[in-house]
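See structure below.
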Amino acid sequence: MNPVAIVMNFALLGSLVYCIYYQQIVIHFAAASVHSALPLRLWLACMALNFAMLAGMYAIGIWERRHDLDDRSMRWGVSLTYETTLSSVGLAVIGAMIPDHQTGAVVTILIVVLAASLRGQVASRVTGLLLPAR
């Protein structure tokens with residue numbers, strides 16, 4: 001196993017604790033009708049970091065096994081990595097915009113959804129680059 005993936009896995013497990021903690025703070029603030037953007041931003045940033053680490057681990061796994069994977073498995077892996085990366089970027093941008101720019105957050109969500117709808121085409125092109133010609 002790749003040492004970078006092992007470190008990312010431990011970091012991911014550790015950051016999940018922070019995500020749960022920040023999520024509880026957001027819920028407590030909402031239940032008490034306290035409007036504070038900081039806990040929400042911290043929670044979204046933590047979630048974005050988790051998705052980024054997960055996408056990195058997917059990418060490492062695909063790269064290390066690119067010669068052993070068939071076309072279908074490669075497309076599935078690349079598609080999953082692409083969607084996870086989009087989720088990370090979307091969460092980070094939305095976290096930076098909320099609650100200051102709700103319109104910007106909505107536009108970001110629409111862009112991420114549009115980009116996710118193109119995942120099949122992106123996966124096919126990347127798979128063609130990674131897999132050797134047969």
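To be explicit about the labels: the chains of the structure tokens are called A, B, and onward in the order shown, and within each one the residues are counted from 1, while ligands get numbers from 1 in the order they are shown.
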
Spatial neighbours of Ala92 of chain A, max dist 9 Å, only C-alpha atoms, sep filter under 2 positions, as an MDAnalysis selection string: chainID A and resid 41 44:49 87:90 94:97

Selection export as a PDB file, in the first residue's frame, atoms kept: C-alpha atoms:
ATOM      1  CA  ARG A  41     -18.350  27.306   7.698  1.00  0.00           C
ATOM      2  CA  LEU A  44     -18.473  22.675   5.488  1.00  0.00           C
ATOM      3  CA  ALA A  45     -14.693  23.194   5.383  1.00  0.00           C
ATOM      4  CA  CYS A  46     -14.153  19.969   7.308  1.00  0.00           C
ATOM      5  CA  MET A  47     -16.483  18.100   4.954  1.00  0.00           C
ATOM      6  CA  ALA A  48     -14.681  19.589   1.936  1.00  0.00           C
ATOM      7  CA  LEU A  49     -11.351  18.449   3.371  1.00  0.00           C
ATOM      8  CA  SER A  87     -18.178  17.621  -4.037  1.00  0.00           C
ATOM      9  CA  SER A  88     -15.090  18.862  -2.237  1.00  0.00           C
ATOM     10  CA  VAL A  89     -14.803  21.994  -4.356  1.00  0.00           C
ATOM     11  CA  GLY A  90     -18.531  22.681  -4.136  1.00  0.00           C
ATOM     12  CA  ILE A  94     -20.451  27.154  -0.588  1.00  0.00           C
ATOM     13  CA  GLY A  95     -18.837  27.294   2.860  1.00  0.00           C
ATOM     14  CA  ALA A  96     -16.957  30.420   1.868  1.00  0.00           C
ATOM     15  CA  MET A  97     -20.145  32.091   0.557  1.00  0.00           C
TER      16      MET A  97
END

12 Å contact set for segment 60-64 of chain A, only C-alpha atoms, chain neighbours under 4 positions out, as JSON, numbers by chain: {"A": [1, 2, 3, 4, 5, 6, 8, 9, 53, 54, 55, 56, 68, 69, 70, 71, 73, 74, 75, 76, 77, 78, 79, 80, 81, 82, 126, 127, 129, 130, 131]}

Among chain A, which residues carry a DSSP assignment of alpha helix (DSSP H), reported as an mmCIF file with N, CA and C atoms, in the first residue's frame?
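Generated file (selection-v1.cif):
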data_model
loop_
_atom_site.group_PDB
_atom_site.id
_atom_site.type_symbol
_atom_site.label_atom_id
_atom_site.label_comp_id
_atom_site.auth_asym_id
_atom_site.auth_seq_id
_atom_site.Cartn_x
_atom_site.Cartn_y
_atom_site.Cartn_z
ATOM 1 N N PRO A 3 2.352 4.707 1.055
ATOM 2 C CA PRO A 3 2.436 5.409 2.347
ATOM 3 C C PRO A 3 1.612 6.695 2.386
ATOM 4 N N VAL A 4 1.516 7.390 1.262
ATOM 5 C CA VAL A 4 0.714 8.616 1.223
ATOM 6 C C VAL A 4 -0.758 8.288 1.474
ATOM 7 N N ALA A 5 -1.243 7.222 0.875
ATOM 8 C CA ALA A 5 -2.637 6.818 1.073
ATOM 9 C C ALA A 5 -2.891 6.406 2.521
ATOM 10 N N ILE A 6 -1.899 5.784 3.146
ATOM 11 C CA ILE A 6 -2.052 5.385 4.549
ATOM 12 C C ILE A 6 -2.168 6.624 5.441
ATOM 13 N N VAL A 7 -1.313 7.610 5.223
ATOM 14 C CA VAL A 7 -1.372 8.848 6.006
ATOM 15 C C VAL A 7 -2.692 9.568 5.749
ATOM 16 N N MET A 8 -3.126 9.603 4.490
ATOM 17 C CA MET A 8 -4.404 10.258 4.163
ATOM 18 C C MET A 8 -5.568 9.537 4.836
ATOM 19 N N ASN A 9 -5.492 8.219 4.926
ATOM 20 C CA ASN A 9 -6.548 7.452 5.563
ATOM 21 C C ASN A 9 -6.645 7.795 7.055
ATOM 22 N N PHE A 10 -5.504 7.861 7.749
ATOM 23 C CA PHE A 10 -5.528 8.235 9.160
ATOM 24 C C PHE A 10 -6.009 9.682 9.342
ATOM 25 N N ALA A 11 -5.583 10.573 8.468
ATOM 26 C CA ALA A 11 -6.035 11.966 8.554
ATOM 27 C C ALA A 11 -7.538 12.060 8.314
ATOM 28 N N LEU A 12 -8.039 11.272 7.380
ATOM 29 C CA LEU A 12 -9.477 11.250 7.100
ATOM 30 C C LEU A 12 -10.255 10.772 8.317
ATOM 31 N N LEU A 13 -9.785 9.702 8.933
ATOM 32 C CA LEU A 13 -10.467 9.191 10.127
ATOM 33 C C LEU A 13 -10.444 10.218 11.256
ATOM 34 N N GLY A 14 -9.318 10.895 11.434
ATOM 35 C CA GLY A 14 -9.230 11.916 12.467
ATOM 36 C C GLY A 14 -10.126 13.110 12.190
ATOM 37 N N SER A 15 -10.197 13.524 10.938
ATOM 38 C CA SER A 15 -11.008 14.699 10.615
ATOM 39 C C SER A 15 -12.504 14.389 10.669
ATOM 40 N N LEU A 16 -12.881 13.135 10.575
ATOM 41 C CA LEU A 16 -14.299 12.783 10.721
ATOM 42 C C LEU A 16 -14.810 13.145 12.119
ATOM 43 N N VAL A 17 -13.930 13.043 13.111
ATOM 44 C CA VAL A 17 -14.310 13.419 14.474
ATOM 45 C C VAL A 17 -14.650 14.906 14.519
ATOM 46 N N TYR A 18 -13.825 15.721 13.861
ATOM 47 C CA TYR A 18 -14.089 17.159 13.836
ATOM 48 C C TYR A 18 -15.375 17.474 13.077
ATOM 49 N N CYS A 19 -15.644 16.737 12.011
ATOM 50 C CA CYS A 19 -16.883 16.978 11.254
ATOM 51 C C CYS A 19 -18.108 16.729 12.131
ATOM 52 N N ILE A 20 -18.070 15.657 12.891
ATOM 53 C CA ILE A 20 -19.196 15.354 13.772
ATOM 54 C C ILE A 20 -19.329 16.429 14.850
ATOM 55 N N TYR A 21 -18.211 16.866 15.391
ATOM 56 C CA TYR A 21 -18.214 17.904 16.417
ATOM 57 C C TYR A 21 -18.806 19.205 15.865
ATOM 58 N N TYR A 22 -18.334 19.643 14.704
ATOM 59 C CA TYR A 22 -18.851 20.886 14.111
ATOM 60 C C TYR A 22 -20.320 20.748 13.727
ATOM 61 N N GLN A 23 -20.712 19.577 13.280
ATOM 62 C CA GLN A 23 -22.112 19.364 12.936
ATOM 63 C C GLN A 23 -22.990 19.486 14.185
ATOM 64 N N GLN A 24 -22.534 18.952 15.304
ATOM 65 C CA GLN A 24 -23.298 19.082 16.546
ATOM 66 C C GLN A 24 -23.417 20.545 16.969
ATOM 67 N N ILE A 25 -22.351 21.311 16.803
ATOM 68 C CA ILE A 25 -22.399 22.731 17.159
ATOM 69 C C ILE A 25 -23.407 23.464 16.276
ATOM 70 N N VAL A 26 -23.396 23.164 14.968
ATOM 71 C CA VAL A 26 -24.354 23.794 14.045
ATOM 72 C C VAL A 26 -25.780 23.473 14.468
ATOM 73 N N ILE A 27 -26.038 22.231 14.823
ATOM 74 C CA ILE A 27 -27.390 21.828 15.224
ATOM 75 C C ILE A 27 -27.793 22.517 16.528
ATOM 76 N N HIS A 28 -26.874 22.595 17.482
ATOM 77 C CA HIS A 28 -27.187 23.277 18.746
ATOM 78 C C HIS A 28 -27.463 24.761 18.525
ATOM 79 N N PHE A 29 -26.689 25.393 17.669
ATOM 80 C CA PHE A 29 -26.923 26.814 17.375
ATOM 81 C C PHE A 29 -28.276 26.996 16.697
ATOM 82 N N ALA A 30 -28.600 26.110 15.758
ATOM 83 C CA ALA A 30 -29.884 26.216 15.061
ATOM 84 C C ALA A 30 -31.041 25.979 16.022
ATOM 85 N N ALA A 31 -30.890 25.026 16.943
ATOM 86 C CA ALA A 31 -31.958 24.737 17.908
ATOM 87 C C ALA A 31 -32.168 25.912 18.860
ATOM 88 N N ALA A 37 -22.379 32.119 11.445
ATOM 89 C CA ALA A 37 -21.878 31.467 10.241
ATOM 90 C C ALA A 37 -20.620 30.656 10.510
ATOM 91 N N LEU A 38 -19.900 30.957 11.584
ATOM 92 C CA LEU A 38 -18.623 30.290 11.834
ATOM 93 C C LEU A 38 -18.748 28.778 11.990
ATOM 94 N N PRO A 39 -19.653 28.242 12.830
ATOM 95 C CA PRO A 39 -19.750 26.786 12.933
ATOM 96 C C PRO A 39 -20.141 26.130 11.608
ATOM 97 N N LEU A 40 -21.037 26.779 10.869
ATOM 98 C CA LEU A 40 -21.456 26.228 9.581
ATOM 99 C C LEU A 40 -20.287 26.202 8.603
ATOM 100 N N ARG A 41 -19.511 27.259 8.581
ATOM 101 C CA ARG A 41 -18.350 27.306 7.698
ATOM 102 C C ARG A 41 -17.296 26.281 8.096
ATOM 103 N N LEU A 42 -17.077 26.115 9.393
ATOM 104 C CA LEU A 42 -16.114 25.109 9.849
ATOM 105 C C LEU A 42 -16.571 23.707 9.468
ATOM 106 N N TRP A 43 -17.864 23.443 9.617
ATOM 107 C CA TRP A 43 -18.392 22.126 9.262
ATOM 108 C C TRP A 43 -18.244 21.866 7.764
ATOM 109 N N LEU A 44 -18.597 22.852 6.933
ATOM 110 C CA LEU A 44 -18.473 22.675 5.488
ATOM 111 C C LEU A 44 -17.006 22.557 5.061
ATOM 112 N N ALA A 45 -16.123 23.301 5.704
ATOM 113 C CA ALA A 45 -14.693 23.194 5.383
ATOM 114 C C ALA A 45 -14.156 21.817 5.756
ATOM 115 N N CYS A 46 -14.579 21.304 6.890
ATOM 116 C CA CYS A 46 -14.153 19.969 7.308
ATOM 117 C C CYS A 46 -14.676 18.906 6.343
ATOM 118 N N MET A 47 -15.918 19.046 5.922
ATOM 119 C CA MET A 47 -16.483 18.100 4.954
ATOM 120 C C MET A 47 -15.747 18.192 3.616
ATOM 121 N N ALA A 48 -15.423 19.416 3.191
ATOM 122 C CA ALA A 48 -14.681 19.589 1.936
ATOM 123 C C ALA A 48 -13.311 18.932 2.036
ATOM 124 N N LEU A 49 -12.656 19.082 3.169
ATOM 125 C CA LEU A 49 -11.351 18.449 3.371
ATOM 126 C C LEU A 49 -11.469 16.931 3.331
ATOM 127 N N ASN A 50 -12.511 16.390 3.947
ATOM 128 C CA ASN A 50 -12.719 14.939 3.916
ATOM 129 C C ASN A 50 -12.921 14.435 2.488
ATOM 130 N N PHE A 51 -13.752 15.121 1.731
ATOM 131 C CA PHE A 51 -13.984 14.710 0.349
ATOM 132 C C PHE A 51 -12.713 14.833 -0.482
ATOM 133 N N ALA A 52 -11.902 15.855 -0.224
ATOM 134 C CA ALA A 52 -10.648 16.024 -0.960
ATOM 135 C C ALA A 52 -9.681 14.882 -0.650
ATOM 136 N N MET A 53 -9.587 14.502 0.611
ATOM 137 C CA MET A 53 -8.704 13.380 0.964
ATOM 138 C C MET A 53 -9.216 12.074 0.363
ATOM 139 N N LEU A 54 -10.515 11.886 0.371
ATOM 140 C CA LEU A 54 -11.092 10.687 -0.224
ATOM 141 C C LEU A 54 -10.820 10.638 -1.729
ATOM 142 N N ALA A 55 -10.974 11.771 -2.402
ATOM 143 C CA ALA A 55 -10.683 11.833 -3.837
ATOM 144 C C ALA A 55 -9.205 11.544 -4.092
ATOM 145 N N GLY A 56 -8.337 12.054 -3.242
ATOM 146 C CA GLY A 56 -6.909 11.774 -3.380
ATOM 147 C C GLY A 56 -6.598 10.293 -3.230
ATOM 148 N N MET A 57 -7.237 9.652 -2.264
ATOM 149 C CA MET A 57 -7.020 8.206 -2.091
ATOM 150 C C MET A 57 -7.553 7.420 -3.280
ATOM 151 N N TYR A 58 -8.710 7.837 -3.814
ATOM 152 C CA TYR A 58 -9.228 7.187 -5.020
ATOM 153 C C TYR A 58 -8.234 7.328 -6.172
ATOM 154 N N ALA A 59 -7.719 8.547 -6.359
ATOM 155 C CA ALA A 59 -6.787 8.802 -7.462
ATOM 156 C C ALA A 59 -5.514 7.966 -7.318
ATOM 157 N N ILE A 60 -5.003 7.868 -6.106
ATOM 158 C CA ILE A 60 -3.806 7.049 -5.885
ATOM 159 C C ILE A 60 -4.089 5.599 -6.211
ATOM 160 N N GLY A 61 -5.233 5.098 -5.757
ATOM 161 C CA GLY A 61 -5.594 3.709 -6.035
ATOM 162 C C GLY A 61 -5.749 3.432 -7.519
ATOM 163 N N ILE A 62 -6.372 4.353 -8.235
ATOM 164 C CA ILE A 62 -6.539 4.175 -9.684
ATOM 165 C C ILE A 62 -5.181 4.208 -10.377
ATOM 166 N N TRP A 63 -4.354 5.160 -9.989
ATOM 167 C CA TRP A 63 -3.046 5.290 -10.637
ATOM 168 C C TRP A 63 -2.191 4.050 -10.411
ATOM 169 N N GLU A 64 -2.195 3.513 -9.207
ATOM 170 C CA GLU A 64 -1.375 2.343 -8.910
ATOM 171 C C GLU A 64 -1.873 1.081 -9.603
ATOM 172 N N ASP A 71 -11.568 -1.475 -18.872
ATOM 173 C CA ASP A 71 -12.169 -0.178 -19.217
ATOM 174 C C ASP A 71 -13.318 0.197 -18.288
ATOM 175 N N ARG A 72 -14.196 -0.760 -18.005
ATOM 176 C CA ARG A 72 -15.379 -0.476 -17.188
ATOM 177 C C ARG A 72 -14.981 -0.081 -15.764
ATOM 178 N N SER A 73 -14.066 -0.828 -15.170
ATOM 179 C CA SER A 73 -13.620 -0.520 -13.807
ATOM 180 C C SER A 73 -12.893 0.819 -13.755
ATOM 181 N N MET A 74 -12.101 1.102 -14.779
ATOM 182 C CA MET A 74 -11.377 2.371 -14.822
ATOM 183 C C MET A 74 -12.349 3.541 -14.931
ATOM 184 N N ARG A 75 -13.360 3.423 -15.805
ATOM 185 C CA ARG A 75 -14.353 4.489 -15.938
ATOM 186 C C ARG A 75 -15.095 4.726 -14.631
ATOM 187 N N TRP A 76 -15.453 3.630 -13.957
ATOM 188 C CA TRP A 76 -16.158 3.746 -12.689
ATOM 189 C C TRP A 76 -15.286 4.460 -11.660
ATOM 190 N N GLY A 77 -14.025 4.086 -11.550
ATOM 191 C CA GLY A 77 -13.116 4.705 -10.592
ATOM 192 C C GLY A 77 -12.857 6.169 -10.890
ATOM 193 N N VAL A 78 -12.644 6.486 -12.155
ATOM 194 C CA VAL A 78 -12.403 7.881 -12.540
ATOM 195 C C VAL A 78 -13.664 8.709 -12.299
ATOM 196 N N SER A 79 -14.818 8.149 -12.605
ATOM 197 C CA SER A 79 -16.080 8.856 -12.378
ATOM 198 C C SER A 79 -16.294 9.133 -10.890
ATOM 199 N N LEU A 80 -15.999 8.151 -10.058
ATOM 200 C CA LEU A 80 -16.137 8.322 -8.618
ATOM 201 C C LEU A 80 -15.162 9.375 -8.089
ATOM 202 N N THR A 81 -13.941 9.360 -8.571
ATOM 203 C CA THR A 81 -12.944 10.350 -8.164
ATOM 204 C C THR A 81 -13.372 11.747 -8.589
ATOM 205 N N TYR A 82 -13.877 11.864 -9.807
ATOM 206 C CA TYR A 82 -14.332 13.148 -10.338
ATOM 207 C C TYR A 82 -15.485 13.706 -9.505
ATOM 208 N N GLU A 83 -16.468 12.860 -9.190
ATOM 209 C CA GLU A 83 -17.617 13.309 -8.395
ATOM 210 C C GLU A 83 -17.186 13.719 -6.988
ATOM 211 N N THR A 84 -16.272 12.986 -6.397
ATOM 212 C CA THR A 84 -15.807 13.307 -5.048
ATOM 213 C C THR A 84 -15.034 14.621 -5.046
ATOM 214 N N THR A 85 -14.230 14.848 -6.074
ATOM 215 C CA THR A 85 -13.498 16.112 -6.191
ATOM 216 C C THR A 85 -14.463 17.276 -6.366
ATOM 217 N N LEU A 86 -15.476 17.099 -7.211
ATOM 218 C CA LEU A 86 -16.488 18.153 -7.385
ATOM 219 C C LEU A 86 -17.214 18.453 -6.083
ATOM 220 N N SER A 87 -17.512 17.419 -5.322
ATOM 221 C CA SER A 87 -18.178 17.621 -4.037
ATOM 222 C C SER A 87 -17.299 18.434 -3.100
ATOM 223 N N SER A 88 -16.024 18.131 -3.092
ATOM 224 C CA SER A 88 -15.090 18.862 -2.237
ATOM 225 C C SER A 88 -15.028 20.337 -2.617
ATOM 226 N N VAL A 89 -14.881 20.605 -3.890
ATOM 227 C CA VAL A 89 -14.803 21.994 -4.356
ATOM 228 C C VAL A 89 -16.118 22.722 -4.087
ATOM 229 N N GLY A 90 -17.225 22.066 -4.369
ATOM 230 C CA GLY A 90 -18.531 22.681 -4.136
ATOM 231 C C GLY A 90 -18.764 23.016 -2.677
ATOM 232 N N LEU A 91 -18.433 22.090 -1.773
ATOM 233 C CA LEU A 91 -18.604 22.347 -0.344
ATOM 234 C C LEU A 91 -17.714 23.495 0.125
ATOM 235 N N ALA A 92 -16.483 23.542 -0.372
ATOM 236 C CA ALA A 92 -15.566 24.615 0.022
ATOM 237 C C ALA A 92 -16.077 25.975 -0.444
ATOM 238 N N VAL A 93 -16.538 26.051 -1.676
ATOM 239 C CA VAL A 93 -17.027 27.327 -2.208
ATOM 240 C C VAL A 93 -18.303 27.751 -1.496
ATOM 241 N N ILE A 94 -19.204 26.824 -1.286
ATOM 242 C CA ILE A 94 -20.451 27.154 -0.588
ATOM 243 C C ILE A 94 -20.151 27.591 0.845
ATOM 244 N N GLY A 95 -19.220 26.910 1.510
ATOM 245 C CA GLY A 95 -18.837 27.294 2.860
ATOM 246 C C GLY A 95 -18.258 28.693 2.922
ATOM 247 N N ALA A 96 -17.530 29.072 1.897
ATOM 248 C CA ALA A 96 -16.957 30.420 1.868
ATOM 249 C C ALA A 96 -18.020 31.475 1.594
ATOM 250 N N MET A 97 -19.118 31.121 0.941
ATOM 251 C CA MET A 97 -20.145 32.091 0.557
ATOM 252 C C MET A 97 -21.282 32.229 1.559
ATOM 253 N N GLN A 102 -25.981 34.177 -0.713
ATOM 254 C CA GLN A 102 -26.825 33.021 -0.998
ATOM 255 C C GLN A 102 -26.960 32.781 -2.492
ATOM 256 N N THR A 103 -27.015 33.835 -3.282
ATOM 257 C CA THR A 103 -27.136 33.680 -4.734
ATOM 258 C C THR A 103 -25.902 32.994 -5.292
ATOM 259 N N GLY A 104 -24.735 33.376 -4.812
ATOM 260 C CA GLY A 104 -23.498 32.732 -5.254
ATOM 261 C C GLY A 104 -23.466 31.266 -4.883
ATOM 262 N N ALA A 105 -24.001 30.936 -3.716
ATOM 263 C CA ALA A 105 -24.048 29.536 -3.296
ATOM 264 C C ALA A 105 -24.961 28.724 -4.218
ATOM 265 N N VAL A 106 -26.093 29.311 -4.582
ATOM 266 C CA VAL A 106 -27.017 28.615 -5.497
ATOM 267 C C VAL A 106 -26.370 28.417 -6.858
ATOM 268 N N VAL A 107 -25.685 29.440 -7.365
ATOM 269 C CA VAL A 107 -24.990 29.323 -8.650
ATOM 270 C C VAL A 107 -23.906 28.240 -8.571
ATOM 271 N N THR A 108 -23.193 28.180 -7.453
ATOM 272 C CA THR A 108 -22.171 27.154 -7.275
ATOM 273 C C THR A 108 -22.781 25.764 -7.305
ATOM 274 N N ILE A 109 -23.903 25.598 -6.632
ATOM 275 C CA ILE A 109 -24.580 24.297 -6.644
ATOM 276 C C ILE A 109 -24.978 23.919 -8.063
ATOM 277 N N LEU A 110 -25.510 24.861 -8.823
ATOM 278 C CA LEU A 110 -25.907 24.570 -10.204
ATOM 279 C C LEU A 110 -24.700 24.197 -11.067
ATOM 280 N N ILE A 111 -23.588 24.887 -10.882
ATOM 281 C CA ILE A 111 -22.382 24.584 -11.659
ATOM 282 C C ILE A 111 -21.859 23.196 -11.308
ATOM 283 N N VAL A 112 -21.846 22.857 -10.017
ATOM 284 C CA VAL A 112 -21.375 21.533 -9.601
ATOM 285 C C VAL A 112 -22.291 20.444 -10.153
ATOM 286 N N VAL A 113 -23.596 20.670 -10.120
ATOM 287 C CA VAL A 113 -24.533 19.683 -10.672
ATOM 288 C C VAL A 113 -24.318 19.527 -12.175
ATOM 289 N N LEU A 114 -24.123 20.631 -12.888
ATOM 290 C CA LEU A 114 -23.852 20.559 -14.322
ATOM 291 C C LEU A 114 -22.555 19.811 -14.600
ATOM 292 N N ALA A 115 -21.514 20.113 -13.837
ATOM 293 C CA ALA A 115 -20.238 19.422 -14.028
ATOM 294 C C ALA A 115 -20.367 17.941 -13.708
ATOM 295 N N ALA A 116 -21.147 17.602 -12.688
ATOM 296 C CA ALA A 116 -21.346 16.192 -12.345
ATOM 297 C C ALA A 116 -22.101 15.453 -13.445
ATOM 298 N N SER A 117 -22.983 16.157 -14.148
ATOM 299 C CA SER A 117 -23.716 15.503 -15.231
ATOM 300 C C SER A 117 -22.804 15.145 -16.402
ATOM 301 N N ARG A 119 -19.901 13.746 -16.015
ATOM 302 C CA ARG A 119 -18.909 12.816 -15.488
ATOM 303 C C ARG A 119 -18.609 11.654 -16.429
ATOM 304 N N GLY A 120 -19.604 11.194 -17.156
ATOM 305 C CA GLY A 120 -19.380 10.085 -18.084
ATOM 306 C C GLY A 120 -18.395 10.452 -19.179
ATOM 307 N N GLN A 121 -18.535 11.643 -19.727
ATOM 308 C CA GLN A 121 -17.618 12.090 -20.776
ATOM 309 C C GLN A 121 -16.214 12.309 -20.230
ATOM 310 N N VAL A 122 -16.124 12.891 -19.032
ATOM 311 C CA VAL A 122 -14.815 13.118 -18.417
ATOM 312 C C VAL A 122 -14.150 11.779 -18.113
ATOM 313 N N ALA A 123 -14.911 10.845 -17.555
ATOM 314 C CA ALA A 123 -14.351 9.533 -17.225
ATOM 315 C C ALA A 123 -13.867 8.804 -18.467
ATOM 316 N N SER A 124 -14.603 8.898 -19.567
ATOM 317 C CA SER A 124 -14.183 8.234 -20.804
ATOM 318 C C SER A 124 -12.871 8.811 -21.330
ATOM 319 N N ARG A 125 -12.733 10.122 -21.276
ATOM 320 C CA ARG A 125 -11.504 10.750 -21.787
ATOM 321 C C ARG A 125 -10.299 10.432 -20.909
ATOM 322 N N VAL A 126 -10.491 10.513 -19.601
ATOM 323 C CA VAL A 126 -9.379 10.222 -18.688
ATOM 324 C C VAL A 126 -8.999 8.746 -18.778
ATOM 325 N N THR A 127 -9.997 7.878 -18.890
ATOM 326 C CA THR A 127 -9.718 6.447 -19.028
ATOM 327 C C THR A 127 -8.901 6.186 -20.289
ATOM 328 N N GLY A 128 -9.235 6.868 -21.372
ATOM 329 C CA GLY A 128 -8.482 6.709 -22.611
ATOM 330 C C GLY A 128 -7.030 7.139 -22.466
ATOM 331 N N LEU A 129 -6.782 8.133 -21.610
ATOM 332 C CA LEU A 129 -5.411 8.587 -21.378
ATOM 333 C C LEU A 129 -4.639 7.651 -20.453
ATOM 334 N N LEU A 130 -5.315 7.061 -19.468
ATOM 335 C CA LEU A 130 -4.634 6.230 -18.480
ATOM 336 C C LEU A 130 -4.386 4.800 -18.928
#
